Amino acid sequence: MKPRVVILGAGFGGLELATLLSEGLGVDVDVTLIDKSDTFVFGYAKLDVMFGRTTGDAIHIAYADIEKPGVRFLQETVTAIDPETRRVTTDGGVHEADFLVVALGADYDLDATPGLAEAGNEFYSVAGAERLRELLPSFSQGRAIVGVCAAPFKCPPAPSEAALLLHDYLSERGVRSECEISIVIPFSTPVPPSPETSRALVDAFVERGIEFVPAHRVSSLDPGRRVAVLDDGAELPYDLFLGVPKHRAPDVVRASGLTEEGYVPVNPRTLETRFPGVYAIGDVATIGVPKAGVFAEGAARVVGASLIAGLGRGEKPDAYEGRGSCYVEFGAGLVGRVDVDFLSGPKPTGTFQEPSDALVAEKEHFGSSRSARWFGHS
Ligand SMILES: Cc1cc2nc3c(=O)[nH]c(=O)nc-3n(C[C@H](O)[C@H](O)[C@H](O)COP(=O)(O)OP(=O)(O)OC[C@H]3O[C@@H](n4cnc5c(N)ncnc54)[C@H](O)[C@@H]3O)c2cc1C
């Protein structure tokens, strides 16, 4: 019988893993890739939607386009996971696995921040970005806050990118001088492992008159008084709140017994959970790396190589090193890059590449190469 690999979640991690298994094992493996959605969206595309640089419709890539030997995509919602027996229940049936990989990402918990749902806006979901796209044209004066409600959150540079792109957006509309922009993040610097990247971002904030409020998170919003309350009780008045909501593992994962302190603990080198034959990759896991697509992909590569090696078709992989490159929108049409390494040395390190046109093209290639690899799009 062919080995049965069931991958839960067709995001960055799940798509890369399914691709690798198909490349390495072809029809000799039985991969079932399950996602509740019918389309994939790159996380960074939400910023483009919010600022009207593209439409919500244009950013969806249909899972129906996946055509890979050995891989079957099912649009189903996972309702229960039993890690002991590697049995998964969905709204479409039951799936038994020899190897089970949980790649269900992180969900948002708006209710964890009182007032956020009624009086603020989040830009981390497509629906939230689409709402903001409608709302932003009516914001022409007053204070906008880009505020992070809790760590960990996806793509640590994204709030900084949002603040810089908001500056451009308001400048282009000729209303920047009527508006103030503040950014509140829970870290002491915008990108902690890379002092150079952080310095460049803080310089960009200063040049643009963006107020930087580090080492704080937004703990609630008071809709009546339109103030954001920070974790030390300080208050910041706002007219427009662009929030990064608290994240958490999907409920079905939390109910499975796989989580500890909110996420799935794994061996950071192998991505194995404490249950034999069960792995967790990407945002759903606690790996010691940020929640970002590039890290989910890297983890998928280690699990893919390890499964292929286990089936006698390749070399055992080196340990996961937690390396990745993130593109950072600096505004004015330019993109920078930070190359980070979280696990290979004694402490995380990061190097910075100055914003440039070349990196704009490189970021575009990052997206198009994944569309080609995962979906066969040219
Ligand atoms: C504004 C923004 C900008 C970003 N920019 C970048 C960037 O520039 N570079 C970068 O690397 N990362 C970026 N990210 C982060 C990146 O999008 C995520 O970290 C990445 O998608 C995580 O991959 P994953 O495979 O762990 O999970 P995901 O890609 O989130 O995939 C999880 C999948 O599981 C599915 N799912 C969840 N629950 C169920 C269920 N019960 N049943 C079935 N399916 C389910 C979901 O539909 C989803 O498709 C950004 C994120 C945001 C919000």
# chains A, B, ... in the order shown; residues from 1 in each chain; ligands from 1
>>> residues_around(residues="Lys154 (chain A)", least_positions_apart="4", cutoff="8 Å", atoms="only C-alpha atoms", output="PyMOL selection string")
chain A and resi 158+283+290-292
>>> residues_around(residues="region 217-223 of chain A", least_positions_apart="2", cutoff="9 Å", atoms="only C-alpha atoms", output="JSON, numbers by chain")
{"A": [112, 113, 114, 115, 116, 118, 119, 120, 147, 148, 149, 150, 151, 184, 185, 186, 187, 214, 215, 225, 226, 227, 228, 229, 230, 231, 232, 233, 243]}
>>> write_last_selection(atoms="N, CA and C atoms", output="CSV table (one decimal), in the first residue's frame")
chain,number,residue,atom,x,y,z
A,112,ALA,N,-10.4,39.2,21.9
A,112,ALA,CA,-9.4,39.3,22.9
A,112,ALA,C,-9.0,40.7,23.2
A,113,THR,N,-9.4,41.6,22.3
A,113,THR,CA,-9.1,43.0,22.5
A,113,THR,C,-10.4,43.8,22.5
A,114,PRO,N,-10.9,44.1,23.7
A,114,PRO,CA,-12.2,44.7,23.8
A,114,PRO,C,-12.3,46.0,22.9
A,115,GLY,N,-13.3,46.1,22.2
A,115,GLY,CA,-13.5,47.4,21.4
A,115,GLY,C,-13.0,47.2,19.9
A,116,LEU,N,-12.1,46.2,19.7
A,116,LEU,CA,-11.5,46.2,18.4
A,116,LEU,C,-12.6,45.9,17.3
A,118,GLU,N,-15.8,46.4,17.3
A,118,GLU,CA,-16.8,47.5,17.1
A,118,GLU,C,-16.1,48.8,16.6
A,119,ALA,N,-15.0,49.1,17.1
A,119,ALA,CA,-14.5,50.5,16.9
A,119,ALA,C,-13.2,50.5,16.2
A,120,GLY,N,-12.6,49.4,15.7
A,120,GLY,CA,-11.4,49.4,15.0
A,120,GLY,C,-11.5,48.7,13.7
A,147,GLY,N,-1.8,49.6,15.1
A,147,GLY,CA,-1.6,49.1,16.4
A,147,GLY,C,-1.6,47.5,16.5
A,148,VAL,N,-0.6,47.0,17.1
A,148,VAL,CA,-0.5,45.5,17.3
A,148,VAL,C,-1.1,45.2,18.7
A,149,CYS,N,-2.0,44.2,18.7
A,149,CYS,CA,-2.7,43.9,19.9
A,149,CYS,C,-2.1,42.8,20.8
A,150,ALA,N,-1.2,42.0,20.2
A,150,ALA,CA,-0.5,41.0,20.9
A,150,ALA,C,0.6,40.3,20.0
A,151,ALA,N,1.6,39.8,20.7
A,151,ALA,CA,2.6,39.0,20.0
A,151,ALA,C,2.4,37.5,20.5
A,184,VAL,N,2.2,51.4,16.9
A,184,VAL,CA,2.4,50.8,18.3
A,184,VAL,C,2.7,49.3,18.1
A,185,ILE,N,4.0,48.9,18.5
A,185,ILE,CA,4.3,47.5,18.4
A,185,ILE,C,4.9,47.0,19.7
A,186,PRO,N,4.8,45.7,20.0
A,186,PRO,CA,5.2,45.2,21.3
A,186,PRO,C,6.7,45.0,21.4
A,187,PHE,N,7.4,45.2,20.3
A,187,PHE,CA,8.9,45.0,20.4
A,187,PHE,C,9.6,46.3,20.7
A,214,PRO,N,7.3,52.1,20.6
A,214,PRO,CA,7.7,50.7,20.8
A,214,PRO,C,7.4,50.1,22.1
A,215,ALA,N,7.6,48.8,22.2
A,215,ALA,CA,7.5,48.1,23.5
A,215,ALA,C,6.1,48.2,24.2
A,225,ARG,N,-15.0,57.1,23.5
A,225,ARG,CA,-14.0,58.2,23.5
A,225,ARG,C,-13.0,58.2,22.3
A,226,ARG,N,-13.1,57.1,21.6
A,226,ARG,CA,-12.1,56.9,20.5
A,226,ARG,C,-10.7,57.0,20.9
A,227,VAL,N,-10.4,56.2,21.9
A,227,VAL,CA,-9.0,56.1,22.4
A,227,VAL,C,-8.5,54.7,22.4
A,228,ALA,N,-7.3,54.5,22.0
A,228,ALA,CA,-6.6,53.1,22.2
A,228,ALA,C,-5.9,53.1,23.5
A,229,VAL,N,-6.2,52.1,24.3
A,229,VAL,CA,-5.6,51.9,25.6
A,229,VAL,C,-4.4,50.9,25.5
A,230,LEU,N,-3.3,51.4,25.9
A,230,LEU,CA,-2.1,50.6,25.8
A,230,LEU,C,-1.9,49.7,27.0
A,231,ASP,N,-1.0,48.7,27.0
A,231,ASP,CA,-0.8,47.8,28.1
A,231,ASP,C,-0.4,48.4,29.4
A,232,ASP,N,0.1,49.6,29.4
A,232,ASP,CA,0.5,50.3,30.6
A,232,ASP,C,-0.6,51.3,31.1
A,233,GLY,N,-1.7,51.2,30.4
A,233,GLY,CA,-2.8,52.1,30.7
A,233,GLY,C,-2.8,53.5,30.0
A,243,GLY,N,-5.7,47.7,13.0
A,243,GLY,CA,-5.1,46.8,14.0
A,243,GLY,C,-4.6,45.5,13.4
>>> residues_near_ligand(ligand="ligand 1", cutoff="7 Å", atoms="only C-alpha atoms and all ligand atoms", output="tab-separated table (two decimals) with all heavy atoms, in the first residue's frame")
chain	number	residue	atom	x	y	z
A	8	LEU	N	-2.90	19.00	6.54
A	8	LEU	CA	-4.03	19.85	6.91
A	8	LEU	C	-3.63	21.30	6.71
A	8	LEU	O	-2.74	21.81	7.40
A	8	LEU	CB	-4.43	19.60	8.36
A	8	LEU	CG	-4.68	18.14	8.74
A	8	LEU	CD1	-5.09	18.03	10.20
A	8	LEU	CD2	-5.73	17.54	7.83
A	9	GLY	N	-4.26	21.98	5.75
A	9	GLY	CA	-3.96	23.38	5.47
A	9	GLY	C	-3.12	23.52	4.22
A	9	GLY	O	-2.03	22.95	4.12
A	10	ALA	N	-3.66	24.25	3.24
A	10	ALA	CA	-2.92	24.49	1.99
A	10	ALA	C	-2.48	25.94	1.92
A	10	ALA	O	-2.85	26.70	1.03
A	10	ALA	CB	-3.79	24.11	0.79
A	11	GLY	N	-1.69	26.33	2.94
A	11	GLY	CA	-1.05	27.65	2.91
A	11	GLY	C	0.38	27.47	2.45
A	11	GLY	O	0.71	26.52	1.73
A	12	PHE	N	1.25	28.39	2.86
A	12	PHE	CA	2.66	28.32	2.46
A	12	PHE	C	3.27	26.96	2.78
A	12	PHE	O	3.97	26.36	1.96
A	12	PHE	CB	3.46	29.39	3.22
A	12	PHE	CG	3.66	30.65	2.47
A	12	PHE	CD1	2.71	31.65	2.48
A	12	PHE	CD2	4.83	30.86	1.75
A	12	PHE	CE1	2.91	32.83	1.80
A	12	PHE	CE2	5.06	32.04	1.07
A	12	PHE	CZ	4.09	33.03	1.09
A	13	GLY	N	3.02	26.49	4.00
A	13	GLY	CA	3.64	25.24	4.44
A	13	GLY	C	3.06	24.04	3.72
A	13	GLY	O	3.78	23.21	3.17
A	14	GLY	N	1.73	23.94	3.70
A	14	GLY	CA	1.06	22.78	3.10
A	14	GLY	C	1.33	22.68	1.60
A	14	GLY	O	1.57	21.58	1.07
A	34	ILE	N	-5.74	19.16	2.42
A	34	ILE	CA	-7.10	19.60	2.79
A	34	ILE	C	-7.09	21.07	3.19
A	34	ILE	O	-6.25	21.50	4.00
A	34	ILE	CB	-7.63	18.76	3.97
A	34	ILE	CG1	-7.65	17.28	3.59
A	34	ILE	CG2	-9.01	19.24	4.42
A	34	ILE	CD1	-8.06	16.35	4.74
A	35	ASP	N	-8.01	21.83	2.64
A	35	ASP	CA	-8.18	23.23	3.09
A	35	ASP	C	-9.67	23.58	3.02
A	35	ASP	O	-10.37	23.13	2.11
A	35	ASP	CB	-7.37	24.20	2.23
A	35	ASP	CG	-7.08	25.50	2.96
A	35	ASP	OD1	-8.01	26.30	3.16
A	35	ASP	OD2	-5.90	25.70	3.36
A	36	LYS	N	-10.10	24.42	3.95
A	36	LYS	CA	-11.52	24.81	3.95
A	36	LYS	C	-11.83	25.82	2.85
A	36	LYS	O	-12.97	25.98	2.44
A	36	LYS	CB	-11.91	25.38	5.32
A	36	LYS	CG	-11.18	26.65	5.70
A	36	LYS	CD	-11.57	27.10	7.10
A	36	LYS	CE	-10.72	28.30	7.48
A	36	LYS	NZ	-10.90	28.72	8.85
A	37	SER	N	-10.79	26.50	2.39
A	37	SER	CA	-11.00	27.53	1.37
A	37	SER	C	-10.85	26.93	-0.03
A	37	SER	O	-10.29	25.85	-0.19
A	37	SER	CB	-9.96	28.63	1.57
A	37	SER	OG	-10.06	29.59	0.56
A	40	PHE	N	-6.00	30.25	-2.46
A	40	PHE	CA	-4.84	30.68	-1.65
A	40	PHE	C	-4.62	32.17	-1.89
A	40	PHE	O	-4.83	32.66	-3.01
A	40	PHE	CB	-3.60	29.89	-2.10
A	40	PHE	CG	-2.31	30.41	-1.52
A	40	PHE	CD1	-1.97	30.12	-0.20
A	40	PHE	CD2	-1.46	31.20	-2.28
A	40	PHE	CE1	-0.79	30.61	0.35
A	40	PHE	CE2	-0.26	31.68	-1.73
A	40	PHE	CZ	0.07	31.38	-0.42
A	42	PHE	N	-1.55	35.23	-0.95
A	42	PHE	CA	-0.30	35.63	-0.29
A	42	PHE	C	-0.63	36.66	0.79
A	42	PHE	O	-1.37	37.62	0.52
A	42	PHE	CB	0.67	36.26	-1.30
A	42	PHE	CG	1.29	35.26	-2.24
A	42	PHE	CD1	0.85	35.16	-3.54
A	42	PHE	CD2	2.29	34.43	-1.80
A	42	PHE	CE1	1.41	34.23	-4.41
A	42	PHE	CE2	2.86	33.49	-2.66
A	42	PHE	CZ	2.42	33.39	-3.97
A	43	GLY	N	-0.03	36.50	1.99
A	43	GLY	CA	-0.33	37.41	3.10
A	43	GLY	C	-0.10	38.86	2.72
A	43	GLY	O	-0.92	39.74	3.03
A	44	TYR	N	1.01	39.14	2.03
A	44	TYR	CA	1.35	40.54	1.75
A	44	TYR	C	0.37	41.20	0.79
A	44	TYR	O	0.30	42.43	0.71
A	44	TYR	CB	2.79	40.67	1.25
A	44	TYR	CG	3.12	39.85	0.02
A	44	TYR	CD1	2.67	40.20	-1.23
A	44	TYR	CD2	3.91	38.70	0.13
A	44	TYR	CE1	2.98	39.44	-2.34
A	44	TYR	CE2	4.23	37.94	-0.97
A	44	TYR	CZ	3.76	38.31	-2.20
A	44	TYR	OH	4.06	37.55	-3.30
A	45	ALA	N	-0.40	40.39	0.06
A	45	ALA	CA	-1.37	40.97	-0.88
A	45	ALA	C	-2.46	41.76	-0.15
A	45	ALA	O	-3.11	42.63	-0.74
A	45	ALA	CB	-2.00	39.86	-1.71
A	46	LYS	N	-2.61	41.48	1.16
A	46	LYS	CA	-3.64	42.21	1.92
A	46	LYS	C	-3.29	43.70	2.01
A	46	LYS	O	-4.18	44.55	2.00
A	46	LYS	CB	-3.80	41.59	3.31
A	46	LYS	CG	-4.39	40.19	3.22
A	46	LYS	CD	-4.19	39.36	4.46
A	46	LYS	CE	-4.48	37.90	4.15
A	46	LYS	NZ	-4.01	36.99	5.21
A	47	LEU	N	-2.00	44.02	2.09
A	47	LEU	CA	-1.60	45.43	2.10
A	47	LEU	C	-1.96	46.08	0.76
A	47	LEU	O	-2.41	47.23	0.71
A	47	LEU	CB	-0.10	45.56	2.35
A	47	LEU	CG	0.40	45.10	3.72
A	47	LEU	CD1	1.93	45.08	3.77
A	47	LEU	CD2	-0.13	45.99	4.83
A	76	GLU	N	-12.36	20.86	2.23
A	76	GLU	CA	-13.15	20.39	3.37
A	76	GLU	C	-12.68	21.15	4.62
A	76	GLU	O	-11.52	21.59	4.68
A	76	GLU	CB	-12.94	18.88	3.59
A	76	GLU	CG	-13.48	18.04	2.43
A	76	GLU	CD	-13.25	16.53	2.63
A	76	GLU	OE1	-12.72	16.12	3.68
A	76	GLU	OE2	-13.60	15.78	1.70
A	77	THR	N	-13.55	21.26	5.59
A	77	THR	CA	-13.18	21.90	6.86
A	77	THR	C	-12.84	20.82	7.87
A	77	THR	O	-13.63	19.89	8.09
A	77	THR	CB	-14.35	22.77	7.38
A	77	THR	OG1	-14.61	23.78	6.41
A	77	THR	CG2	-14.01	23.42	8.71
A	78	VAL	N	-11.66	20.94	8.46
A	78	VAL	CA	-11.24	19.96	9.47
A	78	VAL	C	-12.02	20.25	10.76
A	78	VAL	O	-12.00	21.37	11.27
A	78	VAL	CB	-9.72	20.07	9.72
A	78	VAL	CG1	-9.28	19.11	10.82
A	78	VAL	CG2	-8.95	19.83	8.44
A	79	THR	N	-12.70	19.23	11.29
A	79	THR	CA	-13.51	19.43	12.50
A	79	THR	C	-12.93	18.69	13.71
A	79	THR	O	-13.28	19.01	14.84
A	79	THR	CB	-14.96	18.97	12.26
A	79	THR	OG1	-14.93	17.62	11.77
A	79	THR	CG2	-15.66	19.85	11.23
A	103	ALA	N	-0.74	21.99	9.27
A	103	ALA	CA	-0.23	23.26	8.70
A	103	ALA	C	-1.39	24.24	8.59
A	103	ALA	O	-1.59	24.87	7.55
A	103	ALA	CB	0.42	23.00	7.34
A	104	LEU	N	-2.15	24.35	9.70
A	104	LEU	CA	-3.42	25.09	9.65
A	104	LEU	C	-3.26	26.58	9.96
A	104	LEU	O	-4.26	27.30	10.06
A	104	LEU	CB	-4.44	24.45	10.58
A	104	LEU	CG	-4.95	23.07	10.10
A	104	LEU	CD1	-5.74	22.37	11.21
A	104	LEU	CD2	-5.82	23.21	8.86
A	105	GLY	N	-2.02	27.07	10.12
A	105	GLY	CA	-1.82	28.50	10.29
A	105	GLY	C	-2.33	29.02	11.62
A	105	GLY	O	-2.54	28.27	12.58
A	106	ALA	N	-2.51	30.34	11.67
A	106	ALA	CA	-3.02	30.98	12.90
A	106	ALA	C	-4.28	31.76	12.54
A	106	ALA	O	-4.36	32.37	11.48
A	106	ALA	CB	-1.96	31.93	13.46
A	123	PHE	N	-6.33	44.66	9.45
A	123	PHE	CA	-5.92	44.53	8.04
A	123	PHE	C	-5.22	43.20	7.78
A	123	PHE	O	-4.51	43.05	6.79
A	123	PHE	CB	-5.05	45.71	7.59
A	123	PHE	CG	-3.76	45.89	8.37
A	123	PHE	CD1	-2.57	45.36	7.90
A	123	PHE	CD2	-3.75	46.61	9.55
A	123	PHE	CE1	-1.37	45.54	8.60
A	123	PHE	CE2	-2.56	46.79	10.27
A	123	PHE	CZ	-1.38	46.26	9.79
A	124	TYR	N	-5.41	42.20	8.68
A	124	TYR	CA	-4.70	40.94	8.55
A	124	TYR	C	-5.51	39.87	7.82
A	124	TYR	O	-4.99	38.81	7.49
A	124	TYR	CB	-4.23	40.46	9.93
A	124	TYR	CG	-2.75	40.78	10.14
A	124	TYR	CD1	-2.25	42.04	9.85
A	124	TYR	CD2	-1.86	39.82	10.59
A	124	TYR	CE1	-0.90	42.33	10.01
A	124	TYR	CE2	-0.51	40.09	10.74
A	124	TYR	CZ	-0.03	41.35	10.46
A	124	TYR	OH	1.30	41.62	10.60
A	125	SER	N	-6.81	40.13	7.60
A	125	SER	CA	-7.61	39.18	6.80
A	125	SER	C	-7.97	39.89	5.49
A	125	SER	O	-7.93	41.13	5.41
A	125	SER	CB	-8.89	38.80	7.54
A	125	SER	OG	-9.76	39.91	7.62
A	154	LYS	N	1.81	37.51	12.72
A	154	LYS	CA	2.42	37.15	11.43
A	154	LYS	C	3.24	38.31	10.87
A	154	LYS	O	2.82	39.46	10.98
A	154	LYS	CB	1.33	36.84	10.39
A	154	LYS	CG	0.49	35.64	10.74
A	154	LYS	CD	-0.54	35.40	9.65
A	154	LYS	CE	-1.63	34.50	10.17
A	154	LYS	NZ	-2.61	34.12	9.16
A	155	CYS	N	4.33	37.96	10.24
A	155	CYS	CA	5.14	38.90	9.48
A	155	CYS	C	5.46	40.16	10.29
A	155	CYS	O	4.87	41.23	10.06
A	155	CYS	CB	4.42	39.27	8.18
A	155	CYS	SG	5.48	40.19	7.08
A	158	ALA	N	5.18	43.72	8.95
A	158	ALA	CA	3.97	44.19	8.27
A	158	ALA	C	3.35	45.47	8.87
A	158	ALA	O	2.93	46.35	8.11
A	158	ALA	CB	2.93	43.07	8.18
A	250	PRO	N	-5.92	27.63	15.32
A	250	PRO	CA	-7.34	27.35	15.06
A	250	PRO	C	-7.95	26.47	16.16
A	250	PRO	O	-7.25	25.62	16.74
A	250	PRO	CB	-7.30	26.60	13.72
A	250	PRO	CG	-6.05	27.07	13.05
A	250	PRO	CD	-5.07	27.29	14.17
A	252	VAL	N	-9.83	23.95	16.15
A	252	VAL	CA	-9.76	22.49	15.98
A	252	VAL	C	-8.40	21.95	16.43
A	252	VAL	O	-8.31	20.82	16.93
A	252	VAL	CB	-10.09	22.10	14.51
A	252	VAL	CG1	-9.01	22.60	13.54
A	252	VAL	CG2	-10.28	20.62	14.36
A	281	ILE	N	3.91	22.37	11.10
A	281	ILE	CA	4.79	23.35	10.43
A	281	ILE	C	4.07	24.69	10.32
A	281	ILE	O	2.84	24.76	10.32
A	281	ILE	CB	5.23	22.87	9.03
A	281	ILE	CG1	4.01	22.59	8.13
A	281	ILE	CG2	6.11	21.64	9.12
A	281	ILE	CD1	4.39	22.24	6.68
A	282	GLY	N	4.86	25.76	10.22
A	282	GLY	CA	4.29	27.08	9.96
A	282	GLY	C	3.72	27.74	11.21
A	282	GLY	O	4.11	27.43	12.34
A	283	ASP	N	2.77	28.63	10.97
A	283	ASP	CA	2.27	29.51	12.04
A	283	ASP	C	1.60	28.75	13.18
A	283	ASP	O	1.49	29.28	14.29
A	283	ASP	CB	1.26	30.50	11.46
A	283	ASP	CG	1.90	31.52	10.53
A	283	ASP	OD1	3.14	31.52	10.41
A	283	ASP	OD2	1.15	32.31	9.92
A	284	VAL	N	1.11	27.55	12.93
A	284	VAL	CA	0.39	26.80	13.96
A	284	VAL	C	1.34	26.25	15.04
A	284	VAL	O	0.92	25.87	16.12
A	284	VAL	CB	-0.43	25.65	13.31
A	284	VAL	CG1	0.46	24.46	12.93
A	284	VAL	CG2	-1.57	25.20	14.19
A	291	LYS	N	6.25	34.06	12.71
A	291	LYS	CA	5.16	33.51	11.90
A	291	LYS	C	5.22	34.19	10.54
A	291	LYS	O	4.80	35.33	10.39
A	291	LYS	CB	3.82	33.74	12.59
A	291	LYS	CG	3.78	33.05	13.95
A	291	LYS	CD	2.40	32.84	14.48
A	291	LYS	CE	2.41	32.14	15.83
A	291	LYS	NZ	3.09	30.84	15.88
A	292	ALA	N	5.78	33.50	9.57
A	292	ALA	CA	5.89	34.06	8.22
A	292	ALA	C	5.95	32.92	7.22
A	292	ALA	O	6.40	31.81	7.54
A	292	ALA	CB	7.15	34.93	8.09
A	293	GLY	N	5.48	33.22	6.01
A	293	GLY	CA	5.39	32.20	4.97
A	293	GLY	C	6.73	31.55	4.67
A	293	GLY	O	6.81	30.33	4.50
A	294	VAL	N	7.78	32.36	4.64
A	294	VAL	CA	9.09	31.78	4.28
A	294	VAL	C	9.55	30.74	5.30
A	294	VAL	O	10.22	29.77	4.95
A	294	VAL	CB	10.18	32.86	4.08
A	294	VAL	CG1	9.97	33.60	2.79
A	294	VAL	CG2	10.24	33.82	5.26
A	295	PHE	N	9.19	30.96	6.56
A	295	PHE	CA	9.58	29.98	7.58
A	295	PHE	C	8.72	28.72	7.50
A	295	PHE	O	9.19	27.61	7.76
A	295	PHE	CB	9.52	30.60	8.98
A	295	PHE	CG	10.52	31.71	9.15
A	295	PHE	CD1	10.11	33.03	9.18
A	295	PHE	CD2	11.87	31.43	9.21
A	295	PHE	CE1	11.04	34.06	9.30
A	295	PHE	CE2	12.81	32.45	9.33
A	295	PHE	CZ	12.39	33.76	9.37
A	296	ALA	N	7.44	28.91	7.15
A	296	ALA	CA	6.55	27.74	6.96
A	296	ALA	C	7.08	26.88	5.81
A	296	ALA	O	7.13	25.65	5.90
A	296	ALA	CB	5.13	28.21	6.68
A	326	CYS	N	12.72	38.16	4.23
A	326	CYS	CA	11.42	38.84	4.15
A	326	CYS	C	11.59	40.15	3.41
A	326	CYS	O	12.53	40.91	3.70
A	326	CYS	CB	10.89	39.13	5.54
A	326	CYS	SG	10.39	37.63	6.40
A	327	TYR	N	10.69	40.42	2.50
A	327	TYR	CA	10.69	41.69	1.78
A	327	TYR	C	9.93	42.71	2.60
A	327	TYR	O	8.92	42.38	3.23
A	327	TYR	CB	10.06	41.52	0.40
A	327	TYR	CG	10.87	40.54	-0.42
A	327	TYR	CD1	10.50	39.20	-0.51
A	327	TYR	CD2	12.05	40.94	-1.01
A	327	TYR	CE1	11.27	38.29	-1.20
A	327	TYR	CE2	12.84	40.03	-1.70
A	327	TYR	CZ	12.45	38.71	-1.79
A	327	TYR	OH	13.24	37.82	-2.46
A	328	VAL	N	10.43	43.94	2.60
A	328	VAL	CA	9.81	44.98	3.44
A	328	VAL	C	9.48	46.18	2.55
A	328	VAL	O	10.39	46.79	1.95
A	328	VAL	CB	10.77	45.42	4.58
A	328	VAL	CG1	10.06	46.39	5.51
A	328	VAL	CG2	11.28	44.21	5.37
>>> select_by_dssp(residues="region 99-307 of chain A", states="strand (DSSP E)", output="PDB file with C-alpha atoms, in the first residue's frame")
ATOM      1  CA  PHE A  99       1.958  10.638   8.353  1.00  0.00           C
ATOM      2  CA  LEU A 100      -0.077  13.621   9.446  1.00  0.00           C
ATOM      3  CA  VAL A 101       1.141  17.187   8.968  1.00  0.00           C
ATOM      4  CA  VAL A 102      -0.704  20.021  10.664  1.00  0.00           C
ATOM      5  CA  ASP A 107      -6.505  32.476  13.298  1.00  0.00           C
ATOM      6  CA  TYR A 108      -7.414  35.888  14.671  1.00  0.00           C
ATOM      7  CA  ASP A 109      -9.039  36.503  18.024  1.00  0.00           C
ATOM      8  CA  ASN A 121     -10.379  47.703  11.820  1.00  0.00           C
ATOM      9  CA  GLU A 122      -7.962  44.890  11.219  1.00  0.00           C
ATOM     10  CA  GLY A 142      -7.002  63.268  12.392  1.00  0.00           C
ATOM     11  CA  ARG A 143      -4.870  60.506  13.821  1.00  0.00           C
ATOM     12  CA  ALA A 144      -4.455  57.016  12.417  1.00  0.00           C
ATOM     13  CA  ILE A 145      -2.940  54.341  14.617  1.00  0.00           C
ATOM     14  CA  VAL A 146      -1.404  51.157  13.264  1.00  0.00           C
ATOM     15  CA  GLY A 147      -1.578  49.052  16.406  1.00  0.00           C
ATOM     16  CA  VAL A 148      -0.501  45.528  17.303  1.00  0.00           C
ATOM     17  CA  CYS A 179      -3.250  63.622   9.454  1.00  0.00           C
ATOM     18  CA  GLU A 180      -1.006  62.075  12.088  1.00  0.00           C
ATOM     19  CA  ILE A 181       0.222  58.496  11.971  1.00  0.00           C
ATOM     20  CA  SER A 182       1.336  56.477  15.007  1.00  0.00           C
ATOM     21  CA  ILE A 183       2.553  52.900  15.116  1.00  0.00           C
ATOM     22  CA  VAL A 184       2.391  50.791  18.277  1.00  0.00           C
ATOM     23  CA  ILE A 210       5.364  58.914  11.881  1.00  0.00           C
ATOM     24  CA  GLU A 211       5.247  58.529  15.666  1.00  0.00           C
ATOM     25  CA  PHE A 212       6.855  55.240  16.771  1.00  0.00           C
ATOM     26  CA  VAL A 213       5.572  53.756  20.046  1.00  0.00           C
ATOM     27  CA  VAL A 218      -2.892  47.900  22.315  1.00  0.00           C
ATOM     28  CA  SER A 219      -4.940  46.172  24.995  1.00  0.00           C
ATOM     29  CA  SER A 220      -8.364  47.723  24.267  1.00  0.00           C
ATOM     30  CA  LEU A 221     -10.193  50.401  22.322  1.00  0.00           C
ATOM     31  CA  ASP A 222     -12.751  52.700  23.896  1.00  0.00           C
ATOM     32  CA  VAL A 227      -8.981  56.112  22.378  1.00  0.00           C
ATOM     33  CA  ALA A 228      -6.639  53.135  22.166  1.00  0.00           C
ATOM     34  CA  VAL A 229      -5.592  51.936  25.613  1.00  0.00           C
ATOM     35  CA  LEU A 230      -2.064  50.550  25.788  1.00  0.00           C
ATOM     36  CA  GLU A 235      -4.222  56.329  26.103  1.00  0.00           C
ATOM     37  CA  LEU A 236      -3.787  57.380  22.492  1.00  0.00           C
ATOM     38  CA  PRO A 237      -6.710  59.115  20.784  1.00  0.00           C
ATOM     39  CA  LEU A 240      -8.807  55.565  12.396  1.00  0.00           C
ATOM     40  CA  PHE A 241      -7.454  52.364  13.955  1.00  0.00           C
ATOM     41  CA  LEU A 242      -5.671  49.813  11.776  1.00  0.00           C
ATOM     42  CA  GLY A 243      -5.139  46.800  13.976  1.00  0.00           C
ATOM     43  CA  VAL A 244      -3.175  43.583  14.045  1.00  0.00           C
ATOM     44  CA  LYS A 246      -4.252  38.787  18.662  1.00  0.00           C
ATOM     45  CA  HIS A 247      -3.473  35.476  16.926  1.00  0.00           C
ATOM     46  CA  ARG A 248      -4.213  31.955  18.090  1.00  0.00           C
ATOM     47  CA  VAL A 264       1.763  23.142  18.816  1.00  0.00           C
ATOM     48  CA  PRO A 265       5.182  22.449  20.368  1.00  0.00           C
ATOM     49  CA  VAL A 278       2.581  13.717  13.414  1.00  0.00           C
ATOM     50  CA  TYR A 279       4.349  16.940  12.380  1.00  0.00           C
ATOM     51  CA  ALA A 280       3.384  20.611  12.672  1.00  0.00           C
ATOM     52  CA  ALA A 285       3.608  25.561  15.601  1.00  0.00           C
ATOM     53  CA  THR A 286       5.999  26.910  18.210  1.00  0.00           C
TER      54      THR A 286
END
>>> select_by_dssp(residues="region 116-291 of chain A", states="helix (DSSP H, G or I)", output="PyMOL selection string")
chain A and resi 116-119+126-138+158-172+176-178+195-208+251-254+282-284
>>> closest_residue(among="A:Ala299, A:Leu110, A:Val335, A:Ala305", to="Gly322 (chain A)", atoms="only C-alpha atoms")
A:Ala299
>>> residues_around(residues="Pro83 (chain A)", least_positions_apart="3", cutoff="9 Å", atoms="only C-alpha atoms", output="VMD selection string")
chain A and resid 86 to 88 100 256 to 258 275 to 278
